[in-house]
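Structure file model.txt (compact mmCIF, C-alpha atoms) follows.
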```txt
# COMPACT_ATOMS: atom_id res chain seq x y z
CA MET O 29 70.85 31.18 -45.38
CA THR O 30 69.87 32.95 -48.57
CA PRO O 31 72.52 35.55 -49.46
CA CYS O 32 71.60 39.15 -50.29
CA ASN O 33 68.77 39.03 -47.73
CA GLY O 34 67.82 42.49 -46.49
CA GLU O 35 66.24 41.18 -43.33
CA GLN O 36 69.33 39.20 -42.39
CA LEU O 37 71.44 42.29 -43.07
CA LEU O 38 69.23 44.31 -40.79
CA LEU O 39 69.55 41.79 -37.97
CA TYR O 40 73.30 41.80 -38.50
CA ALA O 41 73.47 45.59 -38.52
CA ALA O 42 71.47 45.64 -35.27
CA GLY O 43 73.79 43.08 -33.67
CA GLU O 44 70.98 40.55 -33.28
CA LEU O 45 72.01 37.85 -35.75
CA GLU O 46 73.06 34.62 -34.04
CA ALA O 47 76.77 33.87 -34.17
CA ALA O 48 76.77 31.06 -36.75
CA ARG O 49 74.65 33.00 -39.23
CA ALA O 50 76.65 36.17 -38.55
CA ALA O 51 79.87 34.36 -39.47
CA GLU O 52 78.28 33.04 -42.66
CA LEU O 53 77.03 36.52 -43.55
CA GLN O 54 80.45 38.00 -42.95
CA ARG O 55 81.93 35.58 -45.46
CA HIS O 56 79.22 36.58 -47.95
CA LEU O 57 79.81 40.29 -47.43
CA ALA O 58 83.44 39.85 -48.34
CA THR O 59 82.33 38.74 -51.82
CA CYS O 60 79.16 40.82 -52.40
CA PRO O 61 79.59 44.59 -52.86
CA ALA O 62 75.82 45.11 -53.11
CA CYS O 63 75.18 43.61 -49.68
CA ALA O 64 78.14 45.43 -48.22
CA ALA O 65 76.74 48.72 -49.54
CA GLU O 66 73.27 47.90 -48.25
CA LEU O 67 74.74 47.07 -44.85
CA GLY O 68 76.42 50.48 -44.82
CA ARG O 69 73.16 52.24 -45.65
CA LEU O 70 71.31 50.34 -42.92
CA ARG O 71 73.95 51.23 -40.35
CA GLN O 72 73.77 54.85 -41.40
CA ALA O 73 69.99 54.97 -40.98
CA LEU O 74 70.15 53.18 -37.63
CA GLY O 75 72.80 55.67 -36.59
CA TRP O 76 70.47 58.54 -37.40
CA LEU O 77 67.86 57.01 -35.12
CA ASP O 78 70.44 56.76 -32.35
CA GLY O 79 70.53 60.55 -32.45
CA LEU O 80 66.79 60.82 -31.90
CA PRO O 81 66.42 62.51 -28.53
CA PRO O 82 64.06 61.35 -25.81
CA LEU O 83 60.91 63.30 -25.10
CA GLU O 84 59.42 64.15 -21.73
CA PRO O 85 55.81 64.69 -20.75
CA SER O 86 54.80 68.01 -19.25
CA GLY O 87 55.13 68.71 -15.54
CA GLU O 88 51.36 68.83 -15.22
CA ALA O 89 51.05 65.40 -16.79
CA LEU O 90 53.74 63.96 -14.56
CA ALA O 91 51.97 65.19 -11.44
CA ARG O 92 48.63 63.93 -12.68
CA ILE O 93 49.95 60.48 -13.53
CA LEU O 94 51.78 60.09 -10.23
CA ALA O 95 48.65 61.08 -8.29
CA ALA O 96 46.53 58.63 -10.28
CA GLY O 97 49.13 55.94 -9.72
CA ARG O 98 49.13 56.46 -5.96
CA GLN O 99 45.35 56.18 -5.88
CA ALA O 100 45.50 52.96 -7.87
CA LEU O 101 48.14 51.57 -5.53
CA LEU O 102 45.94 52.19 -2.51
CA ARG O 103 43.42 49.79 -4.00
CA ARG O 104 46.09 47.11 -4.14
CA ARG O 105 46.84 47.10 -0.42
CA PRO O 106 45.31 44.01 1.29
CA ALA O 107 42.38 44.93 3.55
CA ALA O 108 43.71 48.41 3.38
CA ARG O 109 42.44 50.98 5.78
CA PRO O 110 43.20 54.63 5.55
CA THR O 111 45.85 55.95 7.85
CA VAL O 112 43.22 57.82 9.87
CA TYR O 113 41.70 54.52 11.01
CA ARG O 114 45.02 53.38 12.31
CA LEU O 115 45.50 56.62 14.15
CA ARG O 116 42.03 56.42 15.66
CA LEU O 117 42.63 52.85 16.73
CA ALA O 118 45.88 53.80 18.38
CA ALA O 119 44.34 56.84 20.05
CA LEU O 120 41.38 54.95 21.46
CA ALA O 121 43.51 52.11 22.69
CA ALA O 122 45.79 54.61 24.36
CA ALA O 123 42.80 56.38 25.93
CA ALA O 124 41.51 53.09 27.30
CA VAL O 125 44.85 52.22 28.80
CA LEU O 126 45.23 55.73 30.17
CA ALA O 127 41.81 55.52 31.81
CA LEU O 128 42.87 52.26 33.40
CA VAL O 129 46.12 53.65 34.74
CA VAL O 130 44.72 57.00 35.89
CA GLY O 131 41.67 55.43 37.46
CA TRP O 132 43.63 52.96 39.55
CA SER O 133 46.15 55.60 40.48
CA LEU O 134 43.51 58.02 41.70
CA LEU O 135 41.69 55.33 43.60
CA TRP O 136 44.84 54.41 45.47
CA GLN O 137 45.63 58.06 46.23
CA ARG O 138 42.27 59.27 47.47
CA SER O 139 40.73 58.72 50.88
CA PRO O 140 37.07 57.90 50.57
CA GLN O 141 34.77 59.93 52.87
CA GLY O 142 31.06 60.55 53.36
CA LEU O 143 29.82 57.06 52.31
CA THR O 144 28.69 54.08 54.25
CA ALA O 145 30.84 51.01 54.06
CA GLY O 146 28.28 49.33 51.81
CA GLN O 147 28.07 52.36 49.50
CA PHE O 148 31.82 52.50 49.36
CA ASP O 149 32.09 48.83 48.47
CA GLU O 150 29.44 49.16 45.78
CA LEU O 151 31.05 52.23 44.32
CA TRP O 152 34.48 50.67 44.54
CA ASN O 153 33.37 47.51 42.79
CA ARG O 154 31.54 49.38 40.05
CA THR O 155 34.49 51.65 39.45
CA ALA O 156 36.92 48.76 39.49
CA GLY O 157 34.67 46.91 37.05
CA GLU O 158 34.58 49.86 34.65
CA ILE O 159 38.31 50.19 34.81
CA ALA O 160 38.68 46.46 34.22
CA ASP O 161 36.32 46.60 31.23
CA THR O 162 38.31 49.42 29.77
CA GLY O 163 41.50 47.50 30.34
CA ASN O 164 40.00 44.37 28.81
CA MET O 165 38.95 46.33 25.79
CA ALA O 166 42.47 47.64 25.40
CA GLU O 167 43.90 44.13 25.76
CA ASP O 168 41.42 42.71 23.27
CA LEU O 169 42.30 45.39 20.79
CA ALA O 170 45.99 44.67 21.22
CA GLU O 171 45.49 40.93 20.66
CA GLN O 172 43.31 41.42 17.61
CA HIS O 173 45.67 43.97 16.19
CA ALA O 174 48.51 41.46 16.46
CA ALA O 175 46.41 38.81 14.71
CA ASP O 176 44.98 41.01 11.99
CA PRO O 177 46.17 44.55 12.01
CA TRP O 178 43.38 46.08 10.06
CA THR O 179 40.12 44.25 9.79
CA ARG O 180 39.28 42.58 13.08
CA ALA O 181 40.70 45.19 15.35
CA THR O 182 38.89 47.99 13.60
CA ASP O 183 35.63 46.04 13.37
CA SER O 184 35.86 45.02 17.00
CA LEU O 185 36.54 48.53 18.12
CA VAL O 186 33.60 49.82 16.14
CA ALA O 187 31.37 47.12 17.66
CA ASP O 188 32.58 47.89 21.18
CA LEU O 189 32.11 51.57 20.70
CA SER O 190 28.59 51.02 19.49
CA ARG O 191 27.80 49.14 22.71
CA THR O 192 29.65 51.32 25.12
CA ASP O 193 29.86 54.94 25.81
CA VAL O 194 33.50 55.54 26.47
CA ALA O 195 33.12 59.23 27.12
CA GLY O 196 30.17 58.59 29.41
CA GLN O 197 32.07 55.90 31.25
CA LEU O 198 35.04 58.16 31.79
CA LEU O 199 32.74 60.91 33.07
CA GLU O 200 31.03 58.54 35.45
CA LEU O 201 34.38 57.25 36.59
CA ASP O 202 35.46 60.78 37.34
CA GLU O 203 32.25 61.42 39.28
CA ASN O 204 32.74 58.22 41.25
CA LEU O 205 36.24 59.27 42.15
CA ASP O 206 34.94 62.67 43.33
CA VAL O 207 32.48 60.87 45.61
CA LEU O 208 35.14 58.52 46.86
CA GLU O 209 37.33 61.51 47.61
CA GLY O 210 34.59 62.90 49.89
CA PHE O 211 33.85 59.53 51.56
CA ASP O 212 33.87 59.46 55.31
CA GLY O 213 34.76 56.00 56.40
CA GLY O 214 32.62 56.48 59.39
CA MET G 14 68.00 54.19 -26.12
CA PRO G 15 66.84 53.92 -22.55
CA PRO G 16 69.41 53.36 -19.78
CA ARG G 17 70.06 49.75 -18.77
CA VAL G 18 68.07 48.81 -15.71
CA ASP G 19 69.50 46.55 -13.03
CA ARG G 20 67.40 43.37 -13.15
CA GLU G 21 67.42 42.68 -9.43
CA LEU G 22 66.58 46.24 -8.55
CA LEU G 23 63.69 46.20 -10.98
CA ALA G 24 62.39 42.90 -9.60
CA ARG G 25 62.42 44.34 -6.07
CA LEU G 26 60.66 47.48 -7.22
CA VAL G 27 57.98 45.47 -8.98
CA GLU G 28 57.42 43.37 -5.88
CA ARG G 29 57.10 46.48 -3.75
CA CYS G 30 54.62 47.90 -6.24
CA ARG G 31 52.58 44.73 -5.84
CA ARG G 32 52.42 45.49 -2.14
CA GLY G 33 51.12 48.95 -2.91
CA GLU G 34 54.23 50.98 -2.13
CA ALA G 35 53.93 54.38 -3.76
CA GLN G 36 57.64 55.09 -3.59
CA ALA G 37 58.43 51.97 -5.60
CA PHE G 38 55.90 52.97 -8.22
CA GLU G 39 57.46 56.42 -8.46
CA GLN G 40 60.84 54.85 -9.09
CA VAL G 41 59.50 52.54 -11.79
CA PHE G 42 57.66 55.47 -13.33
CA GLY G 43 60.83 57.50 -13.27
CA LEU G 44 62.79 54.76 -15.02
CA PHE G 45 60.39 54.23 -17.88
CA ARG G 46 58.30 57.35 -18.31
CA GLY G 47 60.77 58.92 -20.78
CA PRO G 48 61.16 55.96 -23.15
CA LEU G 49 57.44 55.14 -22.99
CA TYR G 50 56.33 58.70 -23.57
CA SER G 51 58.84 59.11 -26.40
CA TYR G 52 57.52 55.97 -28.08
CA LEU G 53 53.90 57.04 -27.65
CA ALA G 54 54.50 60.62 -28.76
CA ARG G 55 56.58 59.80 -31.82
CA THR G 56 54.25 57.00 -32.91
CA THR G 57 50.99 58.91 -32.54
CA GLY G 58 52.43 62.31 -33.44
CA ASP G 59 50.50 63.96 -30.61
CA GLY G 60 52.22 64.89 -27.36
CA HIS G 61 49.01 65.55 -25.45
CA LEU G 62 47.50 62.26 -26.56
CA ALA G 63 50.74 60.55 -25.60
CA GLU G 64 50.41 61.92 -22.06
CA ASP G 65 46.93 60.45 -21.75
CA LEU G 66 48.13 57.15 -23.13
CA LEU G 67 51.08 57.19 -20.75
CA GLN G 68 48.73 57.50 -17.79
CA ASP G 69 46.56 54.75 -19.16
CA VAL G 70 49.58 52.48 -19.55
CA PHE G 71 50.81 52.95 -16.00
CA LEU G 72 47.38 52.48 -14.48
CA ARG G 73 47.04 49.24 -16.42
CA VAL G 74 50.46 48.22 -15.19
CA ILE G 75 49.36 48.73 -11.60
CA ASP G 76 46.07 46.91 -12.10
CA ASN G 77 47.77 43.96 -13.80
CA LEU G 78 50.92 43.58 -11.75
CA ASP G 79 49.79 40.19 -10.55
CA ARG G 80 49.70 38.97 -14.15
CA TYR G 81 53.28 39.94 -14.86
CA GLU G 82 55.50 36.90 -14.99
CA GLU G 83 59.01 37.63 -13.94
CA SER G 84 60.38 35.07 -16.36
CA GLY G 85 59.87 37.67 -19.08
CA ARG G 86 61.40 41.10 -19.34
CA PHE G 87 59.49 43.83 -17.61
CA GLU G 88 60.26 46.22 -20.46
CA ALA G 89 58.68 43.85 -22.97
CA TRP G 90 55.54 43.59 -20.85
CA LEU G 91 55.43 47.34 -20.35
CA PHE G 92 55.83 48.17 -24.02
CA ARG G 93 53.33 45.53 -24.99
CA ILE G 94 50.74 47.34 -22.92
CA ALA G 95 51.76 50.59 -24.60
CA ALA G 96 51.68 49.06 -28.08
CA ASN G 97 48.18 47.75 -27.43
CA ARG G 98 47.05 51.27 -26.52
CA VAL G 99 48.60 52.58 -29.74
CA ARG G 100 46.87 49.83 -31.71
CA ASP G 101 43.51 50.78 -30.17
CA TRP G 102 44.17 54.41 -31.04
CA ALA G 103 45.11 53.50 -34.62
CA ARG G 104 41.92 51.48 -35.01
CA ARG G 105 39.85 54.43 -33.85
CA GLN G 106 41.70 56.60 -36.35
CA SER G 107 40.99 54.20 -39.21
CA HIS G 108 37.28 54.37 -38.45
CA GLY G 109 36.89 57.85 -39.84
CA GLU G 110 38.36 60.14 -37.24
CA ARG G 111 40.41 63.04 -38.50
CA VAL G 112 44.16 62.71 -38.47
CA GLY G 113 46.23 65.82 -38.93
CA GLY G 114 43.34 67.60 -40.61
CA VAL G 115 42.77 64.92 -43.25
CA LEU G 116 39.83 62.56 -43.03
CA ALA G 117 40.96 58.96 -43.08
CA ASP G 118 39.49 56.68 -45.70
CA PRO G 119 37.63 53.98 -43.76
CA GLY G 120 38.05 51.58 -46.64
CA SER G 121 41.77 52.04 -46.86
CA GLN G 122 44.01 49.23 -45.61
CA GLU G 123 46.79 51.67 -44.91
CA THR G 124 46.92 53.89 -41.93
CA LEU G 125 47.55 57.52 -42.60
CA ALA G 126 50.92 59.04 -42.03
CA VAL G 127 50.89 61.83 -39.51
CA ASP G 128 51.46 64.93 -41.58
CA ARG G 129 53.07 67.03 -38.90
CA PRO G 130 55.92 66.61 -36.42
CA VAL G 131 55.11 65.60 -32.85
CA GLU G 132 52.92 68.20 -31.19
CA GLN G 133 54.70 69.04 -27.99
CA PRO G 134 53.08 70.04 -24.75
CA PRO G 135 53.76 73.73 -24.14
CA ASP G 136 56.38 73.34 -21.47
CA VAL G 137 58.52 70.81 -23.36
CA ALA G 138 61.68 72.33 -24.79
CA LEU G 139 61.91 72.31 -28.57
CA LEU G 140 64.99 70.87 -30.22
CA ALA G 141 67.23 73.30 -32.04
CA ASP G 142 69.35 70.81 -33.99
CA GLU G 143 68.38 71.07 -37.68
CA SER G 144 69.38 67.51 -38.53
CA VAL G 145 67.24 66.17 -35.72
CA ARG G 146 64.32 68.29 -36.92
CA ARG G 147 64.72 66.86 -40.41
CA LEU G 148 64.83 63.36 -38.99
CA GLU G 149 61.71 63.99 -36.91
CA ALA G 150 59.86 65.36 -39.92
CA CYS G 151 60.89 62.38 -42.03
CA LEU G 152 59.80 59.97 -39.28
CA ALA G 153 56.45 61.70 -39.08
CA ASP G 154 56.00 61.12 -42.82
CA LEU G 155 56.40 57.36 -42.52
CA GLU G 156 53.38 55.13 -42.34
CA GLU G 157 52.33 54.56 -38.74
CA GLN G 158 53.08 50.82 -38.73
CA ASP G 159 56.56 51.35 -40.16
CA ARG G 160 57.31 54.29 -37.89
CA GLN G 161 56.11 52.40 -34.83
CA VAL G 162 58.60 49.58 -35.29
CA LEU G 163 61.57 51.92 -35.62
CA VAL G 164 60.49 54.09 -32.71
CA LEU G 165 59.67 51.11 -30.54
CA ARG G 166 63.06 49.56 -31.12
CA HIS G 167 64.88 52.80 -30.50
CA TYR G 168 63.20 53.67 -27.22
CA SER G 169 62.50 50.27 -25.73
CA ASP G 170 65.91 48.57 -25.85
CA LEU G 171 64.11 45.49 -27.13
CA SER G 172 65.28 43.20 -29.90
CA PHE G 173 63.41 42.79 -33.17
CA ARG G 174 62.34 39.38 -31.95
CA GLU G 175 60.86 40.83 -28.77
CA ILE G 176 59.17 43.57 -30.75
CA ALA G 177 57.57 40.93 -32.96
CA GLY G 178 56.18 39.34 -29.80
CA ILE G 179 54.85 42.66 -28.56
CA LEU G 180 53.17 43.47 -31.86
CA ASP G 181 51.87 39.91 -32.26
CA CYS G 182 53.31 39.49 -35.72
CA PRO G 183 56.03 37.33 -37.27
CA LEU G 184 59.65 38.36 -36.95
CA GLY G 185 59.86 38.49 -40.74
CA THR G 186 57.07 41.05 -40.86
CA VAL G 187 58.76 43.26 -38.29
CA LEU G 188 62.06 43.03 -40.16
CA ALA G 189 60.40 43.76 -43.49
CA ARG G 190 58.66 46.83 -42.09
CA SER G 191 61.86 48.04 -40.47
CA HIS G 192 63.90 47.50 -43.61
CA ARG G 193 61.33 49.32 -45.71
CA ALA G 194 61.07 52.14 -43.16
CA LEU G 195 64.81 52.63 -42.98
CA ALA G 196 65.06 52.74 -46.77
CA LYS G 197 62.31 55.38 -46.96
CA LEU G 198 63.87 57.31 -44.13
CA ARG G 199 67.17 57.37 -45.93
CA GLN G 200 65.57 58.55 -49.17
CA MET G 201 63.69 61.35 -47.40
CA MET G 202 66.76 62.46 -45.48
CA GLU G 203 68.81 62.58 -48.68
CA ARG G 204 66.08 64.58 -50.45
CA SER G 205 65.67 67.05 -47.59
CA GLY G 206 69.41 67.41 -47.06
```
Please rewrite the model in this file as structure tokens.
Amino acid sequence: MTPCNGEQLLLYAAGELEAARAAELQRHLATCPACAAELGRLRQALGWLDGLPPLEPSGEALARILAAGRQALLRRRPAARPTVYRLRLAALAAAAVLALVVGWSLLWQRSPQGLTAGQFDELWNRTAGEIADTGNMAEDLAEQHAADPWTRATDSLVADLSRTDVAGQLLELDENLDVLEGFDGG
Amino acid sequence: MPPRVDRELLARLVERCRRGEAQAFEQVFGLFRGPLYSYLARTTGDGHLAEDLLQDVFLRVIDNLDRYEESGRFEAWLFRIAANRVRDWARRQSHGERVGGVLADPGSQETLAVDRPVEQPPDVALLADESVRRLEACLADLEEQDRQVLVLRHYSDLSFREIAGILDCPLGTVLARSHRALAKLRQMMERSG
């Protein structure tokens, strides 16, 4: 190592000089007043910098940066879907299951009157079929959700909804149940 | 100097950020926003600009999380991104934009020193300590490249060797700049004292 080297002194003053070189420099410092003085000046200047306080951005900037960061993070999520999709999926699945449960429950409770046996059977089968379809849709959704929480389940639900009229089916189911309620088994 | 960050905690936070967890990002932001902003503000001399650069840095961090290799220090990667933004800013300044009210000489090889202390955003408290004010004024008078090395080392907790890697220049160059900057700083402080 070349003695009287300002850069080596700086590394030493910063505590970043490797041990072997540091030991060699220490031996040199014991015999070189100029380097010892320079080391003192470097330590003094570095000490001044230690007193330099940290700065903080404004509150407005902090809020802005955090909001921008959250937006950027949303783009990172794999096959991300907004929370509202998940809520809709859950709500529709629950509605389908509810329709299944309520429909069967009402059918078992009501006494059909005012229909012929054939009309009753036809109505019963159609109603049972609609309930089954609704239940199947709910089961399909549950399976697809387990396999791929976001993409397939949502896409499937959208496709099913485009082919079916859930509200209309529920209305028709309700009407069927009203008829069944007035059925006279005679 | 920034507070020491637990390595394992930081690694977990970074992984959670990769998964898009906002809370993890907020924690990482909280850990490093002060040192990063301080570096950007003291290097550029403009607090408002530093806020914009700070946002830019963190958005780039988020967009490039998959490129971060955990074998290296996260701080080094973070400050490298910041230093690159400062370099881009300095290049724009050297192409004729006004700095501190003085038109830069496009043909000059030297960057202009910022001729005013850091411009603080309105709601940032001003420091009352006279010695610190003198130091800040003297720092502002250093050439940008020299000032950047000192400020980067102070706020990043990185070694001179790591700083050389961040700035893409030899260790000897970083040490020479730092040595020269410290000597000038000392002279200015003694004159102003």
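The gap separating CA of Tyr52 in chain G from CA of Ala103 in chain G is 14.2 Å, in Å to one decimal.
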| said: Please find the residues of chain O near chain G - the criterion being any atom within 12 Å, counting all atoms listed in the file - and write them as a PyMOL selection string. | reply: chain O and resi 33-46+66-108
Can you spit out the residues from that selection as a PDB file, in the coordinates of the input, using C-alpha atoms?
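Saved file out-v1.pdb follows:
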```pdb
ATOM      1  CA  ASN O  33      68.770  39.030 -47.730  1.00  0.00           C
ATOM      2  CA  GLY O  34      67.820  42.490 -46.490  1.00  0.00           C
ATOM      3  CA  GLU O  35      66.240  41.180 -43.330  1.00  0.00           C
ATOM      4  CA  GLN O  36      69.330  39.200 -42.390  1.00  0.00           C
ATOM      5  CA  LEU O  37      71.440  42.290 -43.070  1.00  0.00           C
ATOM      6  CA  LEU O  38      69.230  44.310 -40.790  1.00  0.00           C
ATOM      7  CA  LEU O  39      69.550  41.790 -37.970  1.00  0.00           C
ATOM      8  CA  TYR O  40      73.300  41.800 -38.500  1.00  0.00           C
ATOM      9  CA  ALA O  41      73.470  45.590 -38.520  1.00  0.00           C
ATOM     10  CA  ALA O  42      71.470  45.640 -35.270  1.00  0.00           C
ATOM     11  CA  GLY O  43      73.790  43.080 -33.670  1.00  0.00           C
ATOM     12  CA  GLU O  44      70.980  40.550 -33.280  1.00  0.00           C
ATOM     13  CA  LEU O  45      72.010  37.850 -35.750  1.00  0.00           C
ATOM     14  CA  GLU O  46      73.060  34.620 -34.040  1.00  0.00           C
ATOM     15  CA  GLU O  66      73.270  47.900 -48.250  1.00  0.00           C
ATOM     16  CA  LEU O  67      74.740  47.070 -44.850  1.00  0.00           C
ATOM     17  CA  GLY O  68      76.420  50.480 -44.820  1.00  0.00           C
ATOM     18  CA  ARG O  69      73.160  52.240 -45.650  1.00  0.00           C
ATOM     19  CA  LEU O  70      71.310  50.340 -42.920  1.00  0.00           C
ATOM     20  CA  ARG O  71      73.950  51.230 -40.350  1.00  0.00           C
ATOM     21  CA  GLN O  72      73.770  54.850 -41.400  1.00  0.00           C
ATOM     22  CA  ALA O  73      69.990  54.970 -40.980  1.00  0.00           C
ATOM     23  CA  LEU O  74      70.150  53.180 -37.630  1.00  0.00           C
ATOM     24  CA  GLY O  75      72.800  55.670 -36.590  1.00  0.00           C
ATOM     25  CA  TRP O  76      70.470  58.540 -37.400  1.00  0.00           C
ATOM     26  CA  LEU O  77      67.860  57.010 -35.120  1.00  0.00           C
ATOM     27  CA  ASP O  78      70.440  56.760 -32.350  1.00  0.00           C
ATOM     28  CA  GLY O  79      70.530  60.550 -32.450  1.00  0.00           C
ATOM     29  CA  LEU O  80      66.790  60.820 -31.900  1.00  0.00           C
ATOM     30  CA  PRO O  81      66.420  62.510 -28.530  1.00  0.00           C
ATOM     31  CA  PRO O  82      64.060  61.350 -25.810  1.00  0.00           C
ATOM     32  CA  LEU O  83      60.910  63.300 -25.100  1.00  0.00           C
ATOM     33  CA  GLU O  84      59.420  64.150 -21.730  1.00  0.00           C
ATOM     34  CA  PRO O  85      55.810  64.690 -20.750  1.00  0.00           C
ATOM     35  CA  SER O  86      54.800  68.010 -19.250  1.00  0.00           C
ATOM     36  CA  GLY O  87      55.130  68.710 -15.540  1.00  0.00           C
ATOM     37  CA  GLU O  88      51.360  68.830 -15.220  1.00  0.00           C
ATOM     38  CA  ALA O  89      51.050  65.400 -16.790  1.00  0.00           C
ATOM     39  CA  LEU O  90      53.740  63.960 -14.560  1.00  0.00           C
ATOM     40  CA  ALA O  91      51.970  65.190 -11.440  1.00  0.00           C
ATOM     41  CA  ARG O  92      48.630  63.930 -12.680  1.00  0.00           C
ATOM     42  CA  ILE O  93      49.950  60.480 -13.530  1.00  0.00           C
ATOM     43  CA  LEU O  94      51.780  60.090 -10.230  1.00  0.00           C
ATOM     44  CA  ALA O  95      48.650  61.080  -8.290  1.00  0.00           C
ATOM     45  CA  ALA O  96      46.530  58.630 -10.280  1.00  0.00           C
ATOM     46  CA  GLY O  97      49.130  55.940  -9.720  1.00  0.00           C
ATOM     47  CA  ARG O  98      49.130  56.460  -5.960  1.00  0.00           C
ATOM     48  CA  GLN O  99      45.350  56.180  -5.880  1.00  0.00           C
ATOM     49  CA  ALA O 100      45.500  52.960  -7.870  1.00  0.00           C
ATOM     50  CA  LEU O 101      48.140  51.570  -5.530  1.00  0.00           C
ATOM     51  CA  LEU O 102      45.940  52.190  -2.510  1.00  0.00           C
ATOM     52  CA  ARG O 103      43.420  49.790  -4.000  1.00  0.00           C
ATOM     53  CA  ARG O 104      46.090  47.110  -4.140  1.00  0.00           C
ATOM     54  CA  ARG O 105      46.840  47.100  -0.420  1.00  0.00           C
ATOM     55  CA  PRO O 106      45.310  44.010   1.290  1.00  0.00           C
ATOM     56  CA  ALA O 107      42.380  44.930   3.550  1.00  0.00           C
ATOM     57  CA  ALA O 108      43.710  48.410   3.380  1.00  0.00           C
TER      58      ALA O 108
END
```
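We find CA of Arg100 in chain G and CA of Glu156 in chain G to be spaced 13.5 Å apart.
In this model, the gap between CA of Arg104 in chain G and CA of Glu88 in chain G comes to 24.0 Å.
Proximity ranking of G:Asp170, G:Asp181, G:Glu203, G:Asp154 relative to Ala96 in chain G places G:Asp181 first, based on all atoms listed in the file.
For the residues G:Val27, G:Asp59, G:Trp102, G:Glu175, ranking by smallest atom-to-atom distance to Asp79 in chain G using all atoms listed in the file places G:Val27 first.
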| field | Distance criterion (all atoms listed in the file): nearest to Glu83 in chain G out of G:Leu165, G:Val99, G:Arg105, G:Glu21 | value | G:Glu21
Atoms kept (C-alpha atoms) for range 36-62 of chain O, as a compact mmCIF listing (two decimals), in the first residue's frame:
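For reference, decode.txt as written:
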```txt
# COMPACT_ATOMS: atom_id res chain seq x y z
CA GLN O 36 -6.93 4.88 1.91
CA LEU O 37 -7.23 7.33 4.80
CA LEU O 38 -10.82 8.01 3.87
CA LEU O 39 -11.67 4.31 3.81
CA TYR O 40 -9.96 3.93 7.16
CA ALA O 41 -11.80 6.92 8.63
CA ALA O 42 -15.09 5.43 7.38
CA GLY O 43 -14.26 2.05 8.92
CA GLU O 44 -14.26 0.33 5.53
CA LEU O 45 -10.60 -0.55 5.10
CA GLU O 46 -9.95 -4.30 5.25
CA ALA O 47 -8.20 -5.50 8.39
CA ALA O 48 -4.75 -6.21 6.95
CA ARG O 49 -4.49 -2.84 5.23
CA ALA O 50 -5.93 -1.10 8.29
CA ALA O 51 -3.19 -2.60 10.46
CA GLU O 52 -0.54 -1.49 7.97
CA LEU O 53 -2.01 2.02 7.87
CA GLN O 54 -2.06 2.22 11.64
CA ARG O 55 1.66 1.49 11.71
CA HIS O 56 2.19 4.23 9.11
CA LEU O 57 0.11 6.75 11.04
CA ALA O 58 2.30 6.27 14.06
CA THR O 59 5.24 7.63 12.04
CA CYS O 60 3.56 10.19 9.74
CA PRO O 61 2.17 13.36 11.36
CA ALA O 62 0.81 14.62 8.01
```
